[in-house]
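S.K.: Input entry-v5.tsv, format and content: TSV, C-alpha atoms.
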```
chain	number	residue	atom	x	y	z
N	1	MET	CA	-23.23	29.58	-41.96
N	2	MET	CA	-24.17	26.43	-43.79
N	3	ALA	CA	-22.18	25.86	-46.96
N	4	GLY	CA	-23.51	23.99	-49.96
N	5	ARG	CA	-23.85	24.03	-53.71
N	6	VAL	CA	-27.09	23.88	-55.67
N	7	LEU	CA	-26.72	22.36	-59.14
N	8	LEU	CA	-29.18	22.88	-61.96
N	9	PRO	CA	-31.10	19.70	-62.90
N	10	VAL	CA	-31.54	18.27	-66.39
N	11	PHE	CA	-34.89	19.99	-66.94
N	12	PHE	CA	-33.13	23.35	-67.46
N	13	LEU	CA	-34.22	24.13	-71.02
N	14	VAL	CA	-35.04	27.43	-72.74
N	15	VAL	CA	-35.69	31.16	-72.25
N	16	LEU	CA	-37.03	33.79	-74.63
N	17	GLY	CA	-35.54	37.23	-75.16
N	18	SER	CA	-33.07	38.99	-72.85
N	19	ALA	CA	-32.31	38.89	-69.15
N	20	PHE	CA	-31.98	42.10	-67.19
N	21	GLY	CA	-30.53	43.29	-63.91
N	22	GLN	CA	-32.95	44.06	-61.17
N	23	GLU	CA	-34.15	46.97	-59.17
N	24	PRO	CA	-34.69	45.25	-55.83
N	25	SER	CA	-37.42	45.93	-53.36
N	26	GLY	CA	-38.68	44.36	-50.16
N	27	SER	CA	-38.75	40.63	-49.63
N	28	ALA	CA	-40.78	38.47	-51.98
N	29	VAL	CA	-41.21	35.82	-49.33
N	30	PRO	CA	-44.34	33.66	-49.65
N	31	GLY	CA	-47.14	34.32	-47.24
N	32	THR	CA	-49.94	32.13	-46.01
N	33	GLY	CA	-52.68	30.61	-48.15
N	34	ASN	CA	-51.25	31.27	-51.60
N	35	PRO	CA	-47.65	30.05	-51.13
N	36	PHE	CA	-46.35	33.25	-52.68
N	37	GLY	CA	-48.57	35.71	-50.84
N	38	GLN	CA	-49.69	37.04	-54.21
N	39	SER	CA	-52.67	36.63	-56.51
N	40	LEU	CA	-53.22	36.02	-60.19
N	41	PRO	CA	-51.42	37.96	-62.93
N	42	PRO	CA	-52.91	41.06	-64.56
N	43	MET	CA	-54.89	40.88	-67.76
N	44	TYR	CA	-52.84	40.10	-70.85
N	45	ARG	CA	-51.15	43.20	-72.33
N	46	GLY	CA	-49.68	41.77	-75.48
N	47	VAL	CA	-46.81	39.55	-76.58
N	48	GLU	CA	-43.76	39.91	-74.33
N	49	THR	CA	-40.30	39.04	-75.63
N	50	ARG	CA	-38.22	40.32	-72.70
N	51	ILE	CA	-37.87	38.87	-69.25
N	52	PRO	CA	-35.76	39.91	-66.27
N	53	GLY	CA	-33.14	37.71	-64.73
N	54	ILE	CA	-33.38	36.37	-61.20
N	55	TYR	CA	-34.50	38.98	-58.69
N	56	VAL	CA	-32.08	38.86	-55.76
N	57	THR	CA	-34.10	39.94	-52.74
N	58	PRO	CA	-31.94	42.26	-50.57
N	59	VAL	CA	-32.53	40.49	-47.25
N	60	PRO	CA	-29.90	40.25	-44.48
N	61	ASN	CA	-28.22	37.18	-42.99
N	62	ALA	CA	-28.48	35.01	-46.10
N	63	PRO	CA	-25.23	35.45	-48.06
N	64	PHE	CA	-24.53	33.48	-51.23
N	65	THR	CA	-23.02	33.56	-54.70
N	66	ALA	CA	-24.52	31.83	-57.74
N	67	ASP	CA	-24.82	31.71	-61.50
N	68	VAL	CA	-28.01	32.41	-63.43
N	69	GLN	CA	-28.26	30.09	-66.42
N	70	ILE	CA	-30.30	31.38	-69.35
N	71	VAL	CA	-31.05	29.81	-72.73
N	72	SER	CA	-33.31	31.34	-75.35
N	73	GLN	CA	-35.48	29.50	-77.87
N	74	GLU	CA	-37.25	32.15	-79.90
N	75	GLN	CA	-39.80	31.53	-82.62
N	76	LEU	CA	-38.98	33.83	-85.55
N	77	PRO	CA	-41.56	35.16	-88.06
N	78	ASP	CA	-40.24	32.89	-90.84
N	79	GLY	CA	-40.96	29.81	-88.72
N	80	SER	CA	-37.35	29.11	-87.77
N	81	THR	CA	-36.04	28.94	-84.23
N	82	ARG	CA	-33.17	30.94	-82.80
N	83	ILE	CA	-31.39	29.53	-79.75
N	84	ARG	CA	-29.11	31.61	-77.55
N	85	LYS	CA	-27.66	31.31	-74.06
N	86	MET	CA	-26.28	33.47	-71.26
N	87	VAL	CA	-24.71	33.10	-67.81
N	88	ASN	CA	-25.03	35.94	-65.29
N	89	HIS	CA	-23.39	36.08	-61.87
N	90	ILE	CA	-25.29	37.14	-58.74
N	91	ALA	CA	-24.37	37.55	-55.07
N	92	ARG	CA	-25.70	38.82	-51.75
N	93	GLN	CA	-23.79	39.87	-48.65
N	94	SER	CA	-24.87	39.23	-45.07
N	95	SER	CA	-25.86	42.91	-44.86
N	96	GLY	CA	-28.40	42.37	-47.66
N	97	ARG	CA	-26.42	44.23	-50.32
N	98	ILE	CA	-26.81	42.52	-53.70
N	99	TYR	CA	-24.90	42.25	-56.97
N	100	ASN	CA	-26.57	41.37	-60.27
N	101	GLU	CA	-25.53	41.61	-63.90
N	102	ARG	CA	-26.62	41.27	-67.50
N	103	ARG	CA	-24.49	39.61	-70.16
N	104	LEU	CA	-24.78	39.16	-73.90
N	105	LEU	CA	-26.93	36.35	-75.29
N	106	VAL	CA	-24.67	34.20	-77.48
N	107	PRO	CA	-25.07	31.13	-79.74
N	108	PRO	CA	-24.97	27.68	-78.09
N	109	THR	CA	-21.58	26.99	-79.70
N	110	TYR	CA	-19.99	30.00	-77.97
N	111	GLN	CA	-17.69	28.65	-75.25
N	112	ALA	CA	-16.21	31.78	-73.61
N	113	GLU	CA	-18.02	33.82	-70.95
N	114	PRO	CA	-20.49	36.20	-72.62
N	115	ARG	CA	-19.57	39.87	-72.61
N	116	LEU	CA	-20.78	41.92	-69.66
N	117	LEU	CA	-23.38	44.50	-70.69
N	118	SER	CA	-24.20	46.01	-67.29
N	119	ALA	CA	-23.99	45.36	-63.57
N	120	HIS	CA	-26.10	46.50	-60.66
N	121	ILE	CA	-25.24	46.92	-56.98
N	122	TYR	CA	-27.89	47.80	-54.42
N	123	ASP	CA	-27.59	48.43	-50.67
N	124	PRO	CA	-30.93	48.27	-48.84
N	125	ASN	CA	-29.44	50.00	-45.79
N	126	THR	CA	-28.56	53.19	-47.69
N	127	ARG	CA	-30.90	52.67	-50.68
N	128	LEU	CA	-27.93	53.43	-52.90
N	129	SER	CA	-28.44	51.86	-56.32
N	130	THR	CA	-25.38	51.78	-58.60
N	131	TYR	CA	-25.47	50.82	-62.28
N	132	LEU	CA	-22.16	50.01	-63.97
N	133	ASN	CA	-21.73	50.53	-67.71
N	134	PRO	CA	-18.67	48.60	-69.01
N	135	MET	CA	-18.81	50.41	-72.35
N	136	THR	CA	-18.47	53.92	-70.91
N	137	HIS	CA	-16.94	53.08	-67.51
N	138	ILE	CA	-19.64	55.18	-65.87
N	139	ALA	CA	-21.08	54.23	-62.48
N	140	GLN	CA	-24.53	55.77	-62.10
N	141	ASP	CA	-25.42	56.33	-58.42
N	142	ILE	CA	-29.04	56.90	-57.42
N	143	VAL	CA	-30.25	57.14	-53.83
N	144	LEU	CA	-33.83	55.90	-53.91
N	145	LYS	CA	-36.53	57.51	-51.79
N	146	ARG	CA	-38.28	54.18	-51.33
N	147	PRO	CA	-37.50	50.54	-52.07
N	148	PRO	CA	-38.06	49.84	-55.77
N	149	VAL	CA	-40.36	47.12	-57.03
N	150	ALA	CA	-39.24	43.83	-58.54
N	151	PRO	CA	-38.99	43.79	-62.35
N	152	GLN	CA	-41.99	42.47	-64.22
N	153	ASN	CA	-41.99	38.66	-64.59
N	154	SER	CA	-39.33	38.12	-61.90
N	155	VAL	CA	-41.96	37.21	-59.28
N	156	PRO	CA	-45.59	36.12	-59.71
N	157	PRO	CA	-47.46	39.31	-60.62
N	158	LYS	CA	-50.19	40.65	-58.40
N	159	SER	CA	-53.79	40.96	-59.54
N	160	PRO	CA	-56.79	41.51	-57.27
N	161	GLN	CA	-59.21	40.58	-59.98
N	162	LYS	CA	-60.78	37.19	-60.64
N	163	ASP	CA	-61.20	36.14	-64.23
N	164	SER	CA	-62.22	32.92	-65.97
N	165	LEU	CA	-59.24	33.31	-68.34
N	166	LEU	CA	-56.73	33.13	-65.49
N	167	LYS	CA	-55.80	29.95	-63.63
N	168	GLU	CA	-53.48	29.41	-60.68
N	169	GLU	CA	-52.12	26.01	-59.58
N	170	GLU	CA	-49.91	25.10	-56.65
N	171	LEU	CA	-47.23	22.63	-57.76
N	172	GLY	CA	-46.08	21.50	-54.34
N	173	GLU	CA	-42.44	21.07	-53.36
N	174	GLN	CA	-39.36	19.60	-55.00
N	175	PRO	CA	-35.74	19.32	-53.81
N	176	LEU	CA	-32.94	21.12	-55.63
N	177	GLY	CA	-29.55	20.40	-54.12
N	178	SER	CA	-29.64	21.47	-50.48
N	179	VAL	CA	-32.80	23.58	-50.77
N	180	THR	CA	-36.50	22.88	-51.20
N	181	LEU	CA	-38.50	24.71	-53.85
N	182	ARG	CA	-42.21	25.52	-53.81
N	183	GLY	CA	-43.87	25.96	-57.17
N	184	ILE	CA	-46.81	27.81	-58.64
N	185	ARG	CA	-48.15	27.74	-62.22
N	186	LEU	CA	-50.07	30.68	-63.70
N	187	SER	CA	-51.99	30.10	-66.95
N	188	ARG	CA	-53.55	32.88	-69.02
N	189	THR	CA	-55.85	32.23	-71.95
N	190	VAL	CA	-55.71	34.86	-74.68
N	191	PRO	CA	-58.98	34.71	-76.67
N	192	ALA	CA	-58.79	34.07	-80.39
N	193	ALA	CA	-60.13	37.57	-81.15
N	194	VAL	CA	-57.01	39.22	-79.70
N	195	SER	CA	-54.34	36.49	-79.85
N	196	GLY	CA	-53.23	37.28	-83.38
N	197	THR	CA	-53.46	33.61	-84.35
N	198	GLY	CA	-57.19	33.18	-84.90
N	199	LYS	CA	-57.45	30.74	-82.00
N	200	ASP	CA	-57.15	30.74	-78.23
N	201	VAL	CA	-53.59	30.84	-76.92
N	202	VAL	CA	-52.57	29.67	-73.44
N	203	ILE	CA	-49.53	31.34	-71.86
N	204	VAL	CA	-47.98	29.41	-68.98
N	205	ASP	CA	-45.65	30.76	-66.31
N	206	GLU	CA	-44.04	28.73	-63.52
N	207	TYR	CA	-42.20	30.09	-60.48
N	208	TRP	CA	-40.14	27.93	-58.10
N	209	TYR	CA	-39.21	29.66	-54.84
N	210	SER	CA	-36.56	28.90	-52.21
N	211	ALA	CA	-37.52	30.16	-48.75
N	212	ASP	CA	-33.96	29.48	-47.52
N	213	LEU	CA	-32.45	31.88	-50.07
N	214	SER	CA	-35.48	34.21	-50.42
N	215	ILE	CA	-35.24	34.08	-54.20
N	216	TYR	CA	-37.05	32.39	-57.09
N	217	MET	CA	-34.67	29.71	-58.28
N	218	ILE	CA	-36.49	28.83	-61.51
N	219	ILE	CA	-38.77	30.92	-63.72
N	220	LYS	CA	-40.37	29.30	-66.77
N	221	HIS	CA	-42.44	30.97	-69.47
N	222	LYS	CA	-44.15	29.53	-72.54
N	223	ASP	CA	-46.05	31.41	-75.21
N	224	PRO	CA	-46.75	29.36	-78.38
N	225	ARG	CA	-46.42	32.50	-80.53
N	226	THR	CA	-42.96	33.58	-79.40
N	227	GLY	CA	-41.17	30.64	-77.80
N	228	GLU	CA	-40.29	29.07	-74.49
N	229	GLN	CA	-38.18	30.42	-71.68
N	230	ILE	CA	-36.52	29.57	-68.42
N	231	VAL	CA	-34.18	31.39	-66.09
N	232	ALA	CA	-32.60	29.24	-63.40
N	233	VAL	CA	-30.12	29.63	-60.58
N	234	SER	CA	-27.24	27.15	-60.43
N	235	ASP	CA	-23.93	26.61	-58.61
N	236	VAL	CA	-25.08	28.24	-55.39
N	237	ALA	CA	-22.36	28.65	-52.75
N	238	ARG	CA	-23.84	29.68	-49.41
N	239	HIS	CA	-21.03	31.72	-47.93
N	240	GLU	CA	-20.01	35.37	-47.71
N	241	PRO	CA	-19.09	36.57	-51.22
N	242	ASN	CA	-15.85	38.36	-52.05
N	243	ALA	CA	-16.30	42.01	-51.02
N	244	MET	CA	-14.49	43.16	-54.17
N	245	GLN	CA	-17.48	42.02	-56.24
N	246	PHE	CA	-19.47	44.89	-54.71
N	247	ASP	CA	-16.84	47.57	-55.32
N	248	VAL	CA	-17.02	50.08	-58.16
N	249	PRO	CA	-13.87	49.52	-60.27
N	250	ALA	CA	-11.20	52.21	-59.88
N	251	ASN	CA	-11.31	53.05	-63.61
N	252	TYR	CA	-15.02	53.95	-63.46
N	253	LYS	CA	-16.30	57.50	-63.06
N	254	ARG	CA	-19.04	57.78	-60.43
N	255	VAL	CA	-21.91	60.07	-61.36
N	256	ASP	CA	-24.59	61.00	-58.81
N	257	GLU	CA	-27.92	61.00	-60.62
N	258	THR	CA	-30.18	61.15	-57.57
N	259	PRO	CA	-33.19	63.32	-58.52
N	260	VAL	CA	-33.25	66.76	-56.92
N	261	ASP	CA	-36.39	67.60	-54.95
```
Would you mind writing the file's structure down as structure tokens?

M.R.:
Amino acid sequence: MMAGRVLLPVFFLVVLGSAFGQEPSGSAVPGTGNPFGQSLPPMYRGVETRIPGIYVTPVPNAPFTADVQIVSQEQLPDGSTRIRKMVNHIARQSSGRIYNERRLLVPPTYQAEPRLLSAHIYDPNTRLSTYLNPMTHIAQDIVLKRPPVAPQNSVPPKSPQKDSLLKEEELGEQPLGSVTLRGIRLSRTVPAAVSGTGKDVVIVDEYWYSADLSIYMIIKHKDPRTGEQIVAVSDVARHEPNAMQFDVPANYKRVDETPVD
């Protein structure tokens, strides 16, 4: 297996709201035509202030470990700006089993690792999804009947409709360490009548995808009303992760919460 490290470039900037662990589904690998095999986003549903973290696609034969760098620049009602940051750890085994986590957003001056809020382990071979709660030391096990879908905003959303307020642009390719990224920009115009500002508002989302890793390495979001955001993968090590990272700690109580038919 090829080994290498992917380092985040200088353009890593800001992200709004919180980052969340995933509920993985099938591969989000780009198709033909549209480089992401997906169409324009759905009609605007209102101001969003939460985004997921990086969606680790549970595909086999592509192990790695990495960090997910997150910084938040949020526009507050009084006109001030609040900046926060977070670093999550992610991993994927050769079998396709993934590990993802969510940590506390902290001020930029905070130097220690942010506190772990939750962790998620998913095995696509058994469809066993395990959520770890560090506060209660409960491990919630759920065997899914079907692969779950990717969290909203973690991949370009699907929309079969065509609308003059939606615009899609292919951004081409750019290198990032040892991988090549393909980008797409989705722009949505929110008319003045419903934007809450009295004028048209343009929301811009960018997605940069690595076919080698089968994940989106960079996700950017900008809404003039609420702030700017980016979630980006850094420090990628393309080798088999430590198996202990996928184990439920011995001091956790496992609870089977699989729905009963």

S.K.: Please provide as a ChimeraX atom specification all residues within 12 Å of Ala250 of chain N, with the sequence filter that same-chain residues fewer than 2 positions apart are discarded (counting all atoms listed in the file).

M.R.: /N:132,137-139,244,247-248,252-254

S.K.: Report, in Å to a single decimal, how far apart atom CA of Arg102 of chain N and atom CA of Tyr131 of chain N are.

M.R.: 10.9 Å

S.K.: What does the structure give for the distance between atom CA of Val179 of chain N and atom CA of Thr57 of chain N, in Å to one decimal?

M.R.: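 These two atoms are separated by 16.5 Å.
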
S.K.: Could you check which of N:Glu113, N:Pro156, N:Asp123, N:Pro108 is closest to Pro58 of chain N, using only C-alpha atoms?

M.R.: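 So, comparing all the options, the nearest one is N:Asp123.
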
S.K.: For Val155 of chain N, which residue out of N:Arg188, N:Arg97, N:Lys167, N:Lys220 is the nearest one, using only C-alpha atoms?

M.R.: N:Lys220
